[in-house]
Each structure stands twice: as C-alpha cells, then as structure tokens.
There are 2 protein chains.
Amino acid sequence: MLIGEYTHSQDDKKRISLPAKFKKEIGKKVVITHGLDNCLFMFGIKEWVKISEKLGSLSMGQASSRGFNRMFLGGAVEVDVDSVGRILIPDFLREHAGLSDKVGKVVFTGVYNKVEIWDELRWKNYKVENLKHVDDIAEKLGEFGVI
Amino acid sequence: MLIGEYTHSQDDKKRISLPAKFKKEIGKKVVITHGLDNCLFMFGIKEWVKISEKLGSLSMGQASSRGFNRMFLGGAVEVDVDSVGRILIPDFLREHAGLSDKVGKVVFTGVYNKVEIWDELRWKNYKVENLKHVDDIAEKLGEFGVI
DNA sequence: GTAGATAAGTGGGAAATAGTGGTAAGGAAC
DNA sequence: GTTCCTTACCACTATTTCCCACTTATCTAC
C-alpha cells in the first residue's frame, strides 16, 4: 500500500527522487497523469492498467466523460525511473501541477493505490484548507469504525 | 485490548519507546497517522488493514473523499518497531502532534483498538479541559445505560 | 527488608542506504 | 561539423537503521 508524505527537491535538471518507501512497490516504470485539485497522479504500471481499462470502457456519449478521459488518459505519460530512483516529469504536466522551472520542493503523498505529486506550497495551502473540515473528517472516521 | 496511559521520553535521535504493555499486542509493525485534536493514531497492522481497505474503496470523484483520504492515508506511515521496542515518527506527523524537535516527553494512551500519541503538554491541557465536561459526558453515558 | 535476577527503558557507535550533485557519453538539430 | 540537449553512469555526503551496552525499575525469593 502506498501511504505517507515525503518532500523531495527537484534539481536543476528537473530530476526528482522518488521516496524510498515507494520505489519498491511502484516499480521501474510509472505512469503520471493530470490529477485532481492541481496535483499529478502517479501509478505503478499494474494499477494503471486496471484503472485505464475501467475508464476506457466508459460510454463516450456524455461530453463530460469525454472531457475527463481526454485529461486523464490523454494527459498520461509513461516515465522510466532511473538507476538511482529518480523521475523526469514532462513540462506540460509540471505546468499543470505548478512545479517551478527552477530548483524547488515537491511533495509526494501516497493515497492507497496511487501517489500524488504536489508543489510544496500548493500542498501546504491545500492541507490548511482541508483541515478546516475536521468535523466532516471526524464523521467519516466514525463511519469507518476508527473512532 | 489497548488500555492505559504511559509517558515516555524521546531521545535526541527522535526515537520513542513503546510501553511494554502495548508491545506484544500491537506487534512489530505499526501504522501511525493523523488523529483528531492534534494527536496521532497508532494501529497494529491487522487493525489497519481492516480500516484501509474500506477507505481505499472510496471513490475519488468527490472532493470531500479526496480530502479525507489525503489526510488519513496520505498522512499514514508504516513504522517498524526496532529490536528493543522503539519507533521513529516521521517529521510531518511529529509536526502535526506538536512533538518537539528536541528531547521531550510523549504520552501514549490506549483506546480500545488503537493507541493515541500525544505531546505531554498538550495532553495535560486537553485533560484539564476534558474534565470540565465530564459531568455532561457522564449524563450521556447514563442515557445509554453504560453507567 | 534485602539481595539477586529479570525485564524495561535509554544511550551511543558503526554500517548501510538514500538523496543529491556532477560528469561523460550519445543523439538530434542547426 | 559544431553545439545543445538528453540520458545514463558515477561519486560523495548526510541520514537512517541496526546492533550492542549500560542504567533504571520491577519482581521474587529468602
């Protein structure tokens, strides 16, 4: 299971190290695509196949599913992990996530079967906003038998 | 069942011993994640798997589910217990719980199926506040036929 | 009550690994 | 042919992890 939060820096060649905890599970080849809330989603190949098959089988009748698939499938790239566990994210995806062109910090968040990639600043802001809904969160925790 | 309150110190390498009473029951691998009221939740692996499977099945379509999973799953880490029963809590979780960067005291509280981890000072304050409402709580418990 | 023994908690050092930076080689474009 | 960009490889450093040792506390037997 992919869980946890890790911050890594992007060097001047735009290379970003994957968190060690994710390297083994996610494999040597990953798929990165547009995520929701201005982040990127990263999947291991196996997970990606499952998900893309589901999406591919969606009826294309509705404009909204077409739009979603264009973003989610059309915006996806297969990326190789280099020998020391770094990835190189294409510019159009980096732009979507607001990753700086220069040296900067990137946050990886494991969410069960995928990893989300965030610009550090956006992540911090999102977290603050998110925590304002603590009551909803508590309610959900109750539903799941956590508290 | 995990019950009782124990105070332990965190050394300069940020290692914290688990209370002996919890070690056997909770096992060699635990999961720690964001809790409510600025504490952390710690689960044994078996308990965690139950919970996370439910959470993983949540759709990512709704913003609230995404937010919840980002906090609860993204905020979770699998932590190994070392040979003498200590754990190492990642910085982002330590920050959430207000655990000092330096040597300090940490409180473990067993609450049925999980252990809560508190900064000692926050725990004391919370306890004081909480005791003020004990009468109300007792009344509620009475309603439910507990006491 | 005291002494010994066992377990628990704390501390430090060495080895392994992760993260980052740089260099060189291979291609593509001009 | 030259230059620029990309990719792969190599090397260093800081951090993490693992292991061992010491101190403190608890329990038991005498």
# chains A, B, ... in the order shown; residues from 1 in each chain; ligands from 1
>>> residues_around(residues="A:Asn38", least_positions_apart="2", cutoff="8 Å", atoms="only C-alpha atoms (C1' of nucleotides)", output="ChimeraX atom specification")
/A:34-36,40,96-98,118
>>> interface_residues(of="chain C", to="chain B", cutoff="12 Å", atoms="only C-alpha atoms (C1' of nucleotides)", output="PyMOL selection string")
chain C and resi 7-12
>>> write_last_selection(atoms="C-alpha atoms (C1' of nucleotides)", output="CSV table (one decimal), in the first residue's frame")
chain,number,residue,atom,x,y,z
C,7,DA,C1',12.8,-7.1,32.3
C,8,DA,C1',12.2,-2.3,30.6
C,9,DG,C1',14.0,2.0,29.1
C,10,DT,C1',17.8,4.8,27.4
C,11,DG,C1',22.0,6.0,25.1
C,12,DG,C1',25.8,5.7,21.7
>>> interface_residues(of="chain B", to="chain A", cutoff="6 Å", atoms="only C-alpha atoms", output="JSON, numbers by chain")
{"B": [56, 73, 74, 75, 76, 77]}
>>> write_last_selection(atoms="N, CA and C atoms", output="PDB file, in the first residue's frame")
ATOM      1  N   GLY B  56      -9.801   2.658   0.950  1.00  0.00           N
ATOM      2  CA  GLY B  56      -9.315   2.569  -0.416  1.00  0.00           C
ATOM      3  C   GLY B  56     -10.448   2.435  -1.416  1.00  0.00           C
ATOM      4  N   LEU B  73      -4.929   8.615   4.704  1.00  0.00           N
ATOM      5  CA  LEU B  73      -3.998   7.664   4.083  1.00  0.00           C
ATOM      6  C   LEU B  73      -2.664   8.327   3.764  1.00  0.00           C
ATOM      7  N   GLY B  74      -2.744   9.495   3.152  1.00  0.00           N
ATOM      8  CA  GLY B  74      -1.520  10.218   2.850  1.00  0.00           C
ATOM      9  C   GLY B  74      -0.767  10.561   4.113  1.00  0.00           C
ATOM     10  N   GLY B  75      -1.512  10.721   5.172  1.00  0.00           N
ATOM     11  CA  GLY B  75      -0.884  11.062   6.448  1.00  0.00           C
ATOM     12  C   GLY B  75      -0.484   9.857   7.271  1.00  0.00           C
ATOM     13  N   ALA B  76      -0.570   8.682   6.671  1.00  0.00           N
ATOM     14  CA  ALA B  76      -0.244   7.472   7.420  1.00  0.00           C
ATOM     15  C   ALA B  76       1.126   6.932   7.036  1.00  0.00           C
ATOM     16  N   VAL B  77       1.792   6.305   7.953  1.00  0.00           N
ATOM     17  CA  VAL B  77       3.069   5.663   7.662  1.00  0.00           C
ATOM     18  C   VAL B  77       3.156   4.322   8.347  1.00  0.00           C
TER      19      VAL B  77
END
>>> atom_distance(atom1="atom CA of A:Val107", atom2="atom C1' of C:DG21")
20.2 Å
>>> calpha_fit_rmsd(fixed="chain A", moving="chain B")
1.2 Å
>>> closest_atom_pairs(of="chain B", to="chain D", cutoff="12 Å", atoms="only C-alpha atoms (C1' of nucleotides)", output="CSV")
residue,atom,partner,partner_atom,distance
B:Lys13,CA,D:DT16,C1',9.9
B:Lys14,CA,D:DT16,C1',11.5
B:Arg15,CA,D:DT17,C1',11.7
B:Asp80,CA,D:DT17,C1',10.5
B:Val81,CA,D:DT17,C1',11.4
B:Asp82,CA,D:DC18,C1',8.4
B:Ser83,CA,D:DC18,C1',8.6
B:Val84,CA,D:DC19,C1',10.3
B:Ile87,CA,D:DT17,C1',11.6
B:Leu88,CA,D:DT16,C1',10.2
B:Pro90,CA,D:DT16,C1',11.7
>>> write_last_selection(atoms="C-alpha atoms", output="CSV table (one decimal), in the first residue's frame")
chain,number,residue,atom,x,y,z
B,13,LYS,CA,17.5,10.7,17.6
B,14,LYS,CA,13.7,11.1,17.9
B,15,ARG,CA,13.2,7.5,19.0
B,80,ASP,CA,8.9,-0.7,12.1
B,81,VAL,CA,9.4,-1.3,15.8
B,82,ASP,CA,13.1,-1.8,16.4
B,83,SER,CA,14.7,-4.7,18.3
B,84,VAL,CA,14.2,-3.1,21.7
B,87,ILE,CA,9.5,3.6,17.0
B,88,LEU,CA,10.6,6.5,14.8
B,90,PRO,CA,8.3,11.0,10.6
>>> select_by_dssp(residues="stretch 3-143 of chain A", states="helix (DSSP H, G or I)", output="short mmCIF file (atom, residue, chain, number, x, y, z; two decimals) with C-alpha atoms, in the first residue's frame")
data_model
loop_
_atom_site.label_atom_id
_atom_site.label_comp_id
_atom_site.auth_asym_id
_atom_site.auth_seq_id
_atom_site.Cartn_x
_atom_site.Cartn_y
_atom_site.Cartn_z
CA ALA A 20 12.47 5.12 -0.96
CA LYS A 21 9.28 3.68 0.51
CA PHE A 22 7.53 3.94 -2.86
CA LYS A 23 10.37 2.74 -5.10
CA LYS A 24 9.94 -0.95 -4.45
CA GLU A 25 6.19 -1.03 -4.66
CA ILE A 26 5.71 1.21 -7.66
CA ILE A 45 2.04 0.05 -14.33
CA LYS A 46 -0.23 -2.66 -12.98
CA GLU A 47 -2.53 -0.24 -11.22
CA TRP A 48 -2.60 1.96 -14.26
CA VAL A 49 -3.77 -0.88 -16.49
CA LYS A 50 -6.66 -1.62 -14.14
CA ILE A 51 -7.77 1.97 -13.99
CA SER A 52 -7.36 2.83 -17.65
CA GLU A 53 -9.37 -0.24 -18.63
CA LYS A 54 -12.22 0.90 -16.45
CA LEU A 55 -12.13 4.37 -17.92
CA GLY A 56 -11.73 3.16 -21.46
CA ALA A 63 -19.38 15.29 -23.09
CA SER A 64 -18.20 15.19 -19.52
CA SER A 65 -16.74 11.67 -19.73
CA ARG A 66 -15.07 12.55 -22.98
CA GLY A 67 -13.52 15.53 -21.33
CA PHE A 68 -12.40 13.56 -18.34
CA ASN A 69 -10.80 10.85 -20.42
CA ARG A 70 -9.02 13.39 -22.58
CA MET A 71 -7.48 14.82 -19.49
CA PHE A 72 -6.85 11.61 -17.63
CA ASP A 91 6.80 20.05 -18.98
CA PHE A 92 3.07 20.02 -19.68
CA LEU A 93 2.45 18.02 -16.54
CA ARG A 94 4.84 20.07 -14.48
CA GLU A 95 2.93 23.11 -15.58
CA HIS A 96 -0.40 21.58 -14.52
CA GLU A 120 5.18 22.07 -1.89
CA LEU A 121 3.47 25.41 -1.47
CA ARG A 122 0.19 24.28 -3.00
CA TRP A 123 0.24 21.21 -0.79
CA LYS A 124 0.67 23.28 2.34
CA ASN A 125 -2.19 25.56 1.37
CA TYR A 126 -4.41 22.65 0.49
CA LYS A 127 -3.66 20.99 3.81
CA VAL A 128 -4.65 24.07 5.75
CA GLU A 129 -7.92 24.37 3.85
CA ASN A 130 -8.58 20.69 4.22
CA LEU A 131 -8.10 20.72 7.96
CA VAL A 134 -12.22 18.45 10.55
CA ASP A 135 -15.82 17.88 11.60
CA ASP A 136 -16.58 16.08 8.34
CA ILE A 137 -13.43 14.10 8.78
CA ALA A 138 -14.40 13.06 12.28
CA GLU A 139 -17.76 11.95 10.97
CA LYS A 140 -16.13 9.83 8.30
CA LEU A 141 -13.76 8.31 10.84
CA GLY A 142 -16.79 7.29 12.82
CA GLU A 143 -18.36 5.65 9.79
#
>>> atom_distance(atom1="atom CA of B:Phe43", atom2="atom CA of B:Val31")
5.2 Å
>>> select_by_dssp(residues="chain A", states="strand (DSSP E or B)", output="PyMOL selection string")
chain A and resi 2-10+15-17+29-34+40-44+77-80+86-88+104-112+114-119
>>> atom_distance(atom1="atom CA of B:Gly61", atom2="atom CA of A:Asp119")
21.5 Å
